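Note: the block below is target-v3.txt and it holds compact mmCIF, C-alpha atoms.
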# COMPACT_ATOMS: atom_id res chain seq x y z
CA MET A 1 194.34 105.41 125.50
CA LYS A 2 193.57 102.71 128.02
CA PRO A 3 190.38 102.57 130.03
CA ALA A 4 190.23 103.63 133.63
CA PRO A 5 190.49 100.75 136.11
CA PHE A 6 187.31 98.75 136.62
CA GLU A 7 186.19 95.47 138.11
CA TYR A 8 185.25 92.77 135.62
CA VAL A 9 182.47 90.29 136.40
CA ALA A 10 181.32 87.63 133.94
CA VAL A 11 177.90 86.09 134.55
CA ASP A 12 176.07 83.18 132.94
CA SER A 13 172.50 84.00 133.95
CA TRP A 14 170.27 87.04 133.99
CA ASP A 15 169.67 86.70 137.71
CA ALA A 16 173.41 86.76 138.35
CA ALA A 17 173.73 89.76 136.05
CA LEU A 18 171.05 91.61 137.96
CA GLU A 19 172.77 90.82 141.23
CA ALA A 20 176.12 92.02 139.94
CA LEU A 21 174.67 95.23 138.51
CA THR A 22 175.49 97.46 141.43
CA ASP A 23 175.68 101.24 141.39
CA GLY A 24 178.32 102.45 138.98
CA ALA A 25 178.27 99.20 137.00
CA ARG A 26 177.75 98.92 133.24
CA VAL A 27 176.69 95.94 131.19
CA LEU A 28 179.14 94.59 128.64
CA ALA A 29 177.25 92.82 125.85
CA GLY A 30 179.75 92.47 123.04
CA GLY A 31 181.58 95.70 123.70
CA GLN A 32 181.65 97.01 120.14
CA SER A 33 180.30 100.38 121.27
CA LEU A 34 181.19 100.41 124.95
CA VAL A 35 184.87 99.45 124.71
CA PRO A 36 185.79 102.39 122.43
CA LEU A 37 184.04 104.68 124.90
CA LEU A 38 186.00 103.05 127.72
CA ASN A 39 189.25 103.49 125.87
CA LEU A 40 188.50 107.16 125.31
CA ARG A 41 187.54 107.39 128.99
CA LEU A 42 184.21 108.87 128.03
CA VAL A 43 182.66 106.38 130.45
CA ARG A 44 184.34 105.21 133.67
CA PRO A 45 182.30 102.42 135.21
CA ALA A 46 183.37 100.95 138.53
CA ARG A 47 182.38 97.50 137.35
CA LEU A 48 181.70 95.82 134.02
CA VAL A 49 179.15 93.01 134.05
CA ASP A 50 179.81 90.80 131.04
CA VAL A 51 176.58 89.09 129.97
CA THR A 52 177.95 87.47 126.81
CA PRO A 53 178.41 84.06 128.54
CA ILE A 54 174.59 83.92 128.66
CA VAL A 55 173.82 81.88 125.55
CA GLY A 56 171.39 83.77 123.35
CA LEU A 57 168.75 82.06 121.26
CA ILE A 58 166.54 83.04 118.35
CA ARG A 59 163.21 81.31 118.71
CA ARG A 60 159.92 81.37 116.82
CA THR A 61 156.85 80.20 118.68
CA ASP A 62 153.25 80.62 117.46
CA GLY A 63 154.47 83.01 114.77
CA VAL A 64 156.20 85.35 117.24
CA LEU A 65 159.95 85.85 117.17
CA ARG A 66 161.95 86.20 120.36
CA ILE A 67 165.58 87.24 120.21
CA ASP A 68 167.59 86.98 123.38
CA ALA A 69 169.55 90.14 124.10
CA THR A 70 172.86 88.27 123.92
CA VAL A 71 172.32 86.94 120.39
CA ARG A 72 175.25 88.00 118.24
CA GLN A 73 174.58 90.19 115.24
CA ALA A 74 176.33 87.60 113.07
CA THR A 75 173.89 84.96 114.33
CA LEU A 76 171.00 87.21 113.38
CA GLU A 77 172.56 87.73 109.96
CA ARG A 78 172.73 84.00 109.16
CA SER A 79 169.47 83.03 110.88
CA ARG A 80 167.13 81.02 108.66
CA ILE A 81 164.11 81.97 110.75
CA VAL A 82 164.86 85.67 110.37
CA ALA A 83 165.59 85.38 106.65
CA ALA A 84 162.34 83.52 106.02
CA HIS A 85 159.92 85.42 108.23
CA TRP A 86 161.49 88.78 109.21
CA PRO A 87 163.77 89.63 106.28
CA LEU A 88 163.96 93.30 107.28
CA LEU A 89 166.27 92.34 110.16
CA ALA A 90 168.58 90.45 107.82
CA GLN A 91 168.53 93.38 105.41
CA ALA A 92 169.40 95.85 108.17
CA VAL A 93 172.04 93.88 110.05
CA ARG A 94 174.24 93.67 106.94
CA HIS A 95 174.79 97.40 107.31
CA VAL A 96 175.93 97.14 110.94
CA GLY A 97 179.69 97.64 111.15
CA HIS A 98 181.83 94.90 109.64
CA PRO A 99 181.79 91.10 109.83
CA ALA A 100 184.38 91.25 112.62
CA THR A 101 182.28 93.59 114.76
CA ARG A 102 179.08 91.67 113.99
CA SER A 103 180.69 88.46 115.22
CA ARG A 104 181.15 90.07 118.66
CA GLY A 105 178.38 92.64 118.84
CA THR A 106 175.01 91.59 120.22
CA VAL A 107 171.51 92.60 119.23
CA GLY A 108 170.65 93.59 122.78
CA GLY A 109 173.84 95.56 123.16
CA SER A 110 173.00 97.57 120.06
CA VAL A 111 169.50 98.26 121.37
CA ALA A 112 170.55 99.06 124.94
CA HIS A 113 173.31 101.38 123.74
CA ALA A 114 170.51 103.37 122.09
CA ASP A 115 172.67 105.03 119.47
CA PRO A 116 170.24 106.93 117.23
CA ARG A 117 172.28 105.80 114.22
CA ALA A 118 171.86 102.11 115.00
CA GLU A 119 170.39 100.25 112.03
CA LEU A 120 168.89 97.45 114.11
CA VAL A 121 166.95 99.91 116.25
CA CYS A 122 165.53 101.46 113.09
CA ALA A 123 164.46 98.08 111.73
CA LEU A 124 163.00 96.95 115.06
CA THR A 125 160.98 100.16 115.24
CA ALA A 126 159.44 99.40 111.85
CA LEU A 127 158.64 95.86 113.02
CA ASP A 128 156.75 97.02 116.14
CA ALA A 129 159.20 95.20 118.39
CA ARG A 130 158.68 95.02 122.13
CA TYR A 131 161.44 94.83 124.65
CA GLU A 132 161.68 92.56 127.66
CA THR A 133 163.48 94.12 130.57
CA MET A 134 164.42 92.95 134.01
CA ALA A 135 164.54 95.45 136.80
CA ARG A 136 166.88 95.14 139.73
CA THR A 137 164.40 96.42 142.27
CA LEU A 138 161.42 94.32 141.28
CA VAL A 139 163.30 91.27 139.98
CA GLU A 140 160.59 90.56 137.46
CA ARG A 141 160.21 90.94 133.75
CA THR A 142 158.00 93.48 132.14
CA VAL A 143 157.09 93.99 128.51
CA ARG A 144 157.04 97.47 127.07
CA ASP A 145 155.59 98.60 123.81
CA THR A 146 157.81 101.11 122.11
CA VAL A 147 155.18 102.21 119.65
CA SER A 148 152.72 103.37 122.29
CA ALA A 149 155.54 104.82 124.38
CA THR A 150 157.72 107.06 122.23
CA ARG A 151 157.50 105.87 118.61
CA THR A 152 161.19 106.63 118.28
CA GLY A 153 162.73 103.39 119.43
CA PRO A 154 163.37 101.15 122.40
CA PRO A 155 162.81 102.29 125.95
CA THR A 156 165.65 103.97 127.78
CA LEU A 157 166.97 101.61 130.40
CA GLY A 158 167.15 102.98 133.91
CA PRO A 159 169.82 102.23 136.52
CA GLY A 160 169.79 98.60 137.50
CA GLU A 161 167.65 97.63 134.53
CA LEU A 162 168.57 94.95 132.00
CA LEU A 163 167.36 94.27 128.50
CA THR A 164 166.87 90.52 128.30
CA GLY A 165 165.04 89.98 125.03
CA ILE A 166 163.26 91.42 122.04
CA VAL A 167 159.85 90.19 120.92
CA ILE A 168 158.69 90.78 117.36
CA PRO A 169 155.17 90.05 116.12
CA PRO A 170 154.66 88.28 112.79
CA LEU A 171 154.59 90.34 109.64
CA PRO A 172 151.23 90.81 107.93
CA PRO A 173 150.50 88.23 105.21
CA GLY A 174 152.27 89.05 101.96
CA ALA A 175 154.39 91.78 103.52
CA LYS A 176 157.44 93.06 101.69
CA THR A 177 160.31 94.78 103.42
CA ALA A 178 163.27 96.92 102.44
CA PHE A 179 166.12 98.74 104.14
CA ALA A 180 168.04 101.54 102.44
CA GLU A 181 171.02 103.30 103.96
CA HIS A 182 173.62 105.89 103.10
CA ALA A 183 177.04 105.92 104.78
CA ARG A 184 180.18 107.66 103.58
CA THR A 185 182.10 104.39 103.64
CA HIS A 186 180.85 100.86 104.04
CA GLY A 187 180.60 99.94 107.70
CA SER A 188 180.89 103.46 109.04
CA PHE A 189 178.04 105.18 110.87
CA ALA A 190 175.08 105.84 108.64
CA GLU A 191 174.06 109.35 107.74
CA ALA A 192 170.53 108.30 106.94
CA ALA A 193 168.49 105.14 106.55
CA ALA A 194 164.91 104.02 106.09
CA ALA A 195 163.24 100.74 106.99
CA VAL A 196 159.98 99.85 105.27
CA VAL A 197 157.31 97.18 105.76
CA LEU A 198 154.48 97.15 103.23
CA ALA A 199 151.46 94.87 103.03
CA GLU A 200 147.81 95.15 102.16
CA GLU A 201 146.34 97.71 104.55
CA HIS A 202 149.65 97.94 106.42
CA ALA A 203 152.50 100.40 106.06
CA ALA A 204 155.40 100.97 108.42
CA ILE A 205 158.24 103.38 107.78
CA ALA A 206 161.04 103.98 110.29
CA ILE A 207 163.64 106.66 109.73
CA LEU A 208 167.06 106.25 111.30
CA GLY A 209 167.28 108.35 114.43
CA ALA A 210 163.81 109.82 113.98
CA GLY A 211 161.41 106.92 114.52
CA ARG A 212 158.17 106.10 112.74
CA ALA A 213 157.00 108.33 109.91
CA THR A 214 153.31 108.14 110.76
CA ALA A 215 152.21 110.83 108.31
CA ALA A 216 153.91 109.02 105.45
CA GLU A 217 152.38 105.71 106.58
CA ARG A 218 148.88 107.19 106.56
CA ALA A 219 149.49 108.69 103.14
CA LEU A 220 150.54 105.30 101.79
CA LEU A 221 147.37 103.70 103.11
CA ASP A 222 145.42 106.46 101.37
CA GLY A 223 147.10 105.64 98.07
CA ALA A 224 150.05 108.02 97.94
CA SER A 225 152.97 107.22 95.67
CA ALA A 226 156.42 106.31 96.92
CA ALA A 227 157.74 109.78 96.11
CA GLU A 228 154.87 111.53 97.90
CA ALA A 229 155.24 109.39 101.02
CA ALA A 230 159.02 109.83 101.00
CA ALA A 231 158.61 113.61 100.98
CA LEU A 232 156.40 113.35 104.05
CA ALA A 233 158.90 111.09 105.82
CA ALA A 234 161.63 113.69 105.27
CA ASP A 235 159.71 116.09 107.51
CA LEU A 236 161.10 114.16 110.48
CA VAL A 237 164.63 115.48 109.96
CA ASP A 238 166.13 118.94 109.76
CA GLY A 239 168.56 120.35 107.22
CA ASP A 240 168.60 120.24 103.46
CA HIS A 241 171.13 117.44 103.12
CA PRO A 242 169.51 115.06 105.64
CA ARG A 243 166.10 115.80 104.15
CA ALA A 244 167.33 114.99 100.66
CA LEU A 245 168.93 111.79 101.89
CA VAL A 246 165.84 110.63 103.78
CA THR A 247 163.58 111.47 100.85
CA GLU A 248 165.62 109.46 98.37
CA LEU A 249 166.34 106.53 100.68
CA THR A 250 162.70 106.23 101.71
CA ARG A 251 161.59 106.38 98.09
CA ARG A 252 164.08 103.66 97.15
CA ALA A 253 162.99 101.46 100.03
CA LEU A 254 159.33 101.90 99.14
CA VAL A 255 159.99 101.04 95.51
CA GLU A 256 161.99 97.98 96.55
CA ALA A 257 159.06 96.93 98.72
CA GLY A 258 156.73 97.17 95.74
CA ARG A 259 155.22 100.68 95.91
CA ALA A 260 155.41 102.56 92.64
CA MET B 1 171.32 64.32 118.43
CA LYS B 2 167.72 64.14 119.56
CA TRP B 3 165.35 67.06 119.61
CA ASP B 4 164.70 67.02 123.36
CA ASP B 5 168.40 66.62 124.13
CA LEU B 6 169.16 69.62 121.95
CA LEU B 7 166.69 71.90 123.65
CA ALA B 8 167.70 70.77 127.12
CA GLN B 9 171.11 72.45 126.91
CA ARG B 10 171.98 75.48 124.84
CA GLN B 11 175.71 74.92 124.94
CA TRP B 12 177.81 71.80 125.41
CA ARG B 13 181.14 70.22 124.52
CA ASP B 14 181.13 66.99 122.56
CA ASP B 15 183.50 64.06 123.00
CA ASP B 16 186.13 65.75 120.80
CA GLY B 17 186.05 68.89 122.92
CA ASN B 18 184.25 70.95 120.29
CA LEU B 19 181.96 73.65 121.58
CA ASN B 20 178.39 73.25 120.32
CA ARG B 21 176.01 76.14 120.72
CA LEU B 22 172.30 76.20 119.96
CA GLU B 23 171.50 79.24 117.83
CA GLU B 24 167.89 79.10 116.75
CA VAL B 25 164.77 77.06 117.35
CA ASP B 26 161.66 77.15 115.20
CA ASP B 27 158.85 75.60 117.21
CA ASP B 28 156.35 76.23 114.42
CA ASP B 29 158.26 74.46 111.63
CA GLY B 30 160.05 72.03 113.94
CA PHE B 31 163.69 72.64 113.25
CA ALA B 32 166.68 73.92 115.18
CA VAL B 33 170.16 75.04 114.21
CA TYR B 34 173.26 74.66 116.30
CA ARG B 35 176.78 75.86 115.56
CA ARG B 36 179.98 73.87 115.79
CA ASN B 37 183.43 74.77 114.48
CA GLY B 38 182.09 77.60 112.38
CA THR B 39 179.47 75.54 110.61
CA SER B 40 175.73 75.32 111.18
CA HIS B 41 173.96 72.00 111.68
CA ASP B 42 170.24 71.35 111.42
CA VAL B 43 168.12 69.19 113.67
CA ARG B 44 164.56 68.40 112.70
CA ARG B 45 161.90 67.55 115.24
CA PRO B 46 160.49 64.06 114.67
CA ARG B 47 156.89 63.96 113.59
CA ALA B 48 154.69 62.03 115.97
CA VAL B 49 151.65 60.98 113.93
CA ASP B 50 148.95 58.76 115.34
CA PRO B 51 147.30 57.02 112.38
CA ARG B 52 144.11 56.50 114.37
CA GLY B 53 143.59 60.19 114.60
CA PHE B 54 144.47 60.83 110.97
CA GLU B 55 141.94 62.91 109.11
CA PRO B 56 142.72 63.77 105.50
CA ARG B 57 142.36 67.31 104.31
CA SER B 58 139.50 67.97 101.96
CA GLU B 59 141.67 68.06 98.82
CA PHE B 60 142.83 64.49 99.48
CA ALA B 61 139.38 63.06 100.16
CA VAL B 62 138.83 62.00 96.53
CA GLU B 63 142.04 59.99 96.42
CA LEU B 64 141.17 58.32 99.70
CA ARG B 65 137.76 57.19 98.39
CA ALA B 66 139.41 55.77 95.27
CA PHE B 67 141.73 53.79 97.50
CA ASP B 68 138.71 52.41 99.42
CA ALA B 69 137.25 51.18 96.16
CA GLU B 70 140.40 49.20 95.43
CA VAL B 71 140.26 47.63 98.85
CA VAL B 72 136.67 46.51 98.23
CA GLU B 73 137.76 44.78 95.00
CA ASP B 74 140.52 42.95 96.83
CA GLU B 75 138.06 41.64 99.37
CA ALA B 76 136.01 39.73 96.69
CA PRO B 77 138.09 36.67 95.67
CA ALA B 78 134.95 34.75 94.53
CA ALA B 79 135.84 34.59 90.84
CA PRO B 80 139.12 32.66 91.20
CA SER B 81 137.47 30.11 93.56
CA ARG B 82 134.62 29.50 91.12
CA ALA B 83 137.11 29.03 88.31
CA ARG B 84 138.99 26.44 90.33
CA LEU B 85 135.70 24.61 91.10
CA VAL B 86 134.67 24.55 87.45
CA ALA B 87 138.12 23.31 86.41
CA ALA B 88 137.99 20.50 88.97
CA GLY B 89 134.50 19.54 87.75
CA VAL B 90 135.65 19.43 84.11
CA ALA B 91 138.66 17.30 85.09
CA ALA B 92 136.46 14.84 87.00
CA ALA B 93 134.06 14.56 84.07
CA GLY B 94 136.97 13.93 81.72
CA LEU B 95 138.38 11.16 83.92
CA ALA B 96 134.92 9.57 84.14
CA TRP B 97 134.59 9.69 80.34
CA LEU B 98 138.02 8.03 79.91
CA ALA B 99 137.08 5.30 82.37
CA THR B 100 133.88 4.48 80.49
CA ARG B 101 135.79 4.26 77.18
CA ARG B 102 138.37 1.85 78.70
CA ARG B 103 135.64 -0.41 79.99
CA GLY B 104 133.98 -0.42 76.65
Please render this file's structure as structure tokens.
Amino acid sequence: MKPAPFEYVAVDSWDAALEALTDGARVLAGGQSLVPLLNLRLVRPARLVDVTPIVGLIRRTDGVLRIDATVRQATLERSRIVAAHWPLLAQAVRHVGHPATRSRGTVGGSVAHADPRAELVCALTALDARYETMARTLVERTVRDTVSATRTGPPTLGPGELLTGIVIPPLPPGAKTAFAEHARTHGSFAEAAAAVVLAEEHAAIAILGAGRATAAERALLDGASAAEAAALAADLVDGDHPRALVTELTRRALVEAGRA
Amino acid sequence: MKWDDLLAQRQWRDDDGNLNRLEEVDDDDGFAVYRRNGTSHDVRRPRAVDPRGFEPRSEFAVELRAFDAEVVEDEAPAAPSRARLVAAGVAAAGLAWLATRRRG
């Protein structure tokens, strides 16, 4: 199928994007999720605002990582800063689609699309990421903390709201990370995944589509084994098969991160 | 490519028409990576060090003191000068002795 007719506007700045984001408009940030929906006519925007001409940058300043929303997933995958200081992102992004889709797809597009099966959202949740948004009405940036808000992922963008960047605090000293996923075929949507950050007096576990496993994190800090914590993390999902998957994937991730 | 020039523009075309795009900047470690023709290129921020304000870390303090001691030794060239003076004196005495023998 072909998409319903729409107006296409390409912008090279966030201010221009905000101005072009009128009622009935959608943001195009890579299009690896939105274009299939357009082709199936599941969404019929009056206007598409293409933000990919806005050059995205990965930048580390004072130990804090900032990823512009328009940074390509392939850029994140080959980033030396990410590999050296936030390896969980590099571990997770390898599971996102295929090299061809990662070369077009953006980090911000994946977050803003808010698919519960998005690997990057899962990893960012484990990393306590914050999200910079720009609102059309206020024309100013605000920073939101996902952990204190919902604990399940990034904030839901309202009408006329743009995601402009993602801010990630430094990992605790000596932290080890791991990402484990199960998909029926490589590159297809994951059925389950777990992202883990472990350090001395720090434990973060994010389950794909379910958010932070706080009970399992507390148990780890109290000395629980990987298997015991994984069983607690599985309480976040329903059904025997998903529970078994989450239990095993969380256990594997914890073992890879150094917990016996 | 200079560091400040690189950060000033995130995307540019060079003289050959190749698109260059800045991908990542590490302000803490002082390096940046830009992409051109499918390959990544590194740029390192130059280190501006003022030697007047240089203060060695504690683990290097011992080596620095040893170096000071060498400098002190270099500043005492008294021994070679004395040797030259003694040699000149011996030579003068020898010439005087030869002169007295010729006269005799």
* To do: Find the residues with any atom within 10 Å of (157.0, 81.3, 122.7); use all atoms listed in the file and the coordinates as given in the file, and write the answer as a PyMOL selection string.
  => (chain A and resi 59-66+167) or (chain B and resi 26-28)
* Asked: What residues in chain B have any atom no more than 8 Å from chain A when counting all atoms listed in the file, and can you write them as a list of chain:residue names?
  -> B:Arg10, B:Gln11, B:Arg21, B:Leu22, B:Glu23, B:Glu24, B:Val25, B:Asp26, B:Asp27, B:Asp28
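Take CA of Asp238 (chain A) and CA of Ala260 (chain A): the distance between them is 26.0 Å.
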As JSON, please: the centre and edge lengths in Å, to one decimal, of an axis-aligned box enclosing every listed atom of region 230-242 of chain A with 5 Å added on each side.
{"center_x": 163.8, "center_y": 115.1, "center_z": 105.7, "size_x": 24.7, "size_y": 20.5, "size_z": 19.5}
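Interatomic distance, CA of Val255 (chain A) against CA of Lys176 (chain A): 10.4 Å.
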* **Who sits within 12 Å of region 242-254 of chain A, only C-alpha atoms, same chain under 5 positions skipped, as number ranges by chain** => A: 88, 91-92, 176-183, 190-199, 203-210, 212-213, 216-217, 220, 224-237, 259-260
* CA of Ser13 (chain A) and CA of Asp14 (chain B), how far apart in Å? -> 22.2 Å
N, CA and C atoms are needed for region 17-42 of chain B; please write them out as an mmCIF file, in the frame of the given file.
data_model
loop_
_atom_site.group_PDB
_atom_site.id
_atom_site.type_symbol
_atom_site.label_atom_id
_atom_site.label_comp_id
_atom_site.auth_asym_id
_atom_site.auth_seq_id
_atom_site.Cartn_x
_atom_site.Cartn_y
_atom_site.Cartn_z
ATOM 1 N N GLY B 17 185.737 67.603 122.314
ATOM 2 C CA GLY B 17 186.050 68.890 122.920
ATOM 3 C C GLY B 17 185.559 70.080 122.141
ATOM 4 N N ASN B 18 184.776 69.842 121.077
ATOM 5 C CA ASN B 18 184.250 70.950 120.290
ATOM 6 C C ASN B 18 183.077 71.602 121.019
ATOM 7 N N LEU B 19 183.061 72.924 120.964
ATOM 8 C CA LEU B 19 181.960 73.650 121.580
ATOM 9 C C LEU B 19 180.772 73.672 120.618
ATOM 10 N N ASN B 20 179.635 73.218 121.094
ATOM 11 C CA ASN B 20 178.390 73.250 120.320
ATOM 12 C C ASN B 20 177.469 74.264 120.971
ATOM 13 N N ARG B 21 176.874 75.096 120.156
ATOM 14 C CA ARG B 21 176.010 76.140 120.720
ATOM 15 C C ARG B 21 174.717 76.213 119.905
ATOM 16 N N LEU B 22 173.613 76.098 120.614
ATOM 17 C CA LEU B 22 172.300 76.200 119.960
ATOM 18 C C LEU B 22 172.059 77.646 119.566
ATOM 19 N N GLU B 23 171.665 77.868 118.312
ATOM 20 C CA GLU B 23 171.500 79.240 117.830
ATOM 21 C C GLU B 23 170.046 79.633 117.615
ATOM 22 N N GLU B 24 169.280 78.737 117.016
ATOM 23 C CA GLU B 24 167.890 79.100 116.750
ATOM 24 C C GLU B 24 166.992 77.874 116.807
ATOM 25 N N VAL B 25 165.768 78.123 117.233
ATOM 26 C CA VAL B 25 164.770 77.060 117.350
ATOM 27 C C VAL B 25 163.482 77.577 116.729
ATOM 28 N N ASP B 26 162.945 76.809 115.802
ATOM 29 C CA ASP B 26 161.660 77.150 115.200
ATOM 30 C C ASP B 26 160.637 76.132 115.678
ATOM 31 N N ASP B 27 159.859 76.520 116.667
ATOM 32 C CA ASP B 27 158.850 75.600 117.210
ATOM 33 C C ASP B 27 157.724 75.365 116.217
ATOM 34 N N ASP B 28 157.470 76.353 115.355
ATOM 35 C CA ASP B 28 156.350 76.230 114.420
ATOM 36 C C ASP B 28 156.674 75.249 113.287
ATOM 37 N N ASP B 29 157.871 75.347 112.731
ATOM 38 C CA ASP B 29 158.260 74.460 111.630
ATOM 39 C C ASP B 29 159.031 73.235 112.104
ATOM 40 N N GLY B 30 159.405 73.213 113.378
ATOM 41 C CA GLY B 30 160.050 72.030 113.940
ATOM 42 C C GLY B 30 161.475 71.810 113.497
ATOM 43 N N PHE B 31 162.271 72.849 113.511
ATOM 44 C CA PHE B 31 163.690 72.640 113.250
ATOM 45 C C PHE B 31 164.518 73.545 114.158
ATOM 46 N N ALA B 32 165.754 73.139 114.368
ATOM 47 C CA ALA B 32 166.680 73.920 115.180
ATOM 48 C C ALA B 32 168.041 73.917 114.495
ATOM 49 N N VAL B 33 168.825 74.913 114.796
ATOM 50 C CA VAL B 33 170.160 75.040 114.210
ATOM 51 C C VAL B 33 171.157 75.224 115.343
ATOM 52 N N TYR B 34 172.189 74.412 115.347
ATOM 53 C CA TYR B 34 173.260 74.660 116.300
ATOM 54 C C TYR B 34 174.577 74.838 115.546
ATOM 55 N N ARG B 35 175.520 75.444 116.196
ATOM 56 C CA ARG B 35 176.780 75.860 115.560
ATOM 57 C C ARG B 35 177.939 75.082 116.169
ATOM 58 N N ARG B 36 178.793 74.572 115.326
ATOM 59 C CA ARG B 36 179.980 73.870 115.790
ATOM 60 C C ARG B 36 181.111 74.106 114.794
ATOM 61 N N ASN B 37 182.244 74.549 115.310
ATOM 62 C CA ASN B 37 183.430 74.770 114.480
ATOM 63 C C ASN B 37 183.144 75.644 113.260
ATOM 64 N N GLY B 38 182.354 76.654 113.457
ATOM 65 C CA GLY B 38 182.090 77.600 112.380
ATOM 66 C C GLY B 38 181.112 77.141 111.329
ATOM 67 N N THR B 39 180.474 75.999 111.566
ATOM 68 C CA THR B 39 179.470 75.540 110.610
ATOM 69 C C THR B 39 178.148 75.302 111.334
ATOM 70 N N SER B 40 177.062 75.489 110.605
ATOM 71 C CA SER B 40 175.730 75.320 111.180
ATOM 72 C C SER B 40 175.219 73.911 110.883
ATOM 73 N N HIS B 41 174.516 73.347 111.828
ATOM 74 C CA HIS B 41 173.960 72.000 111.680
ATOM 75 C C HIS B 41 172.469 72.035 112.032
ATOM 76 N N ASP B 42 171.687 71.344 111.229
ATOM 77 C CA ASP B 42 170.240 71.350 111.420
ATOM 78 C C ASP B 42 169.798 70.111 112.194
#
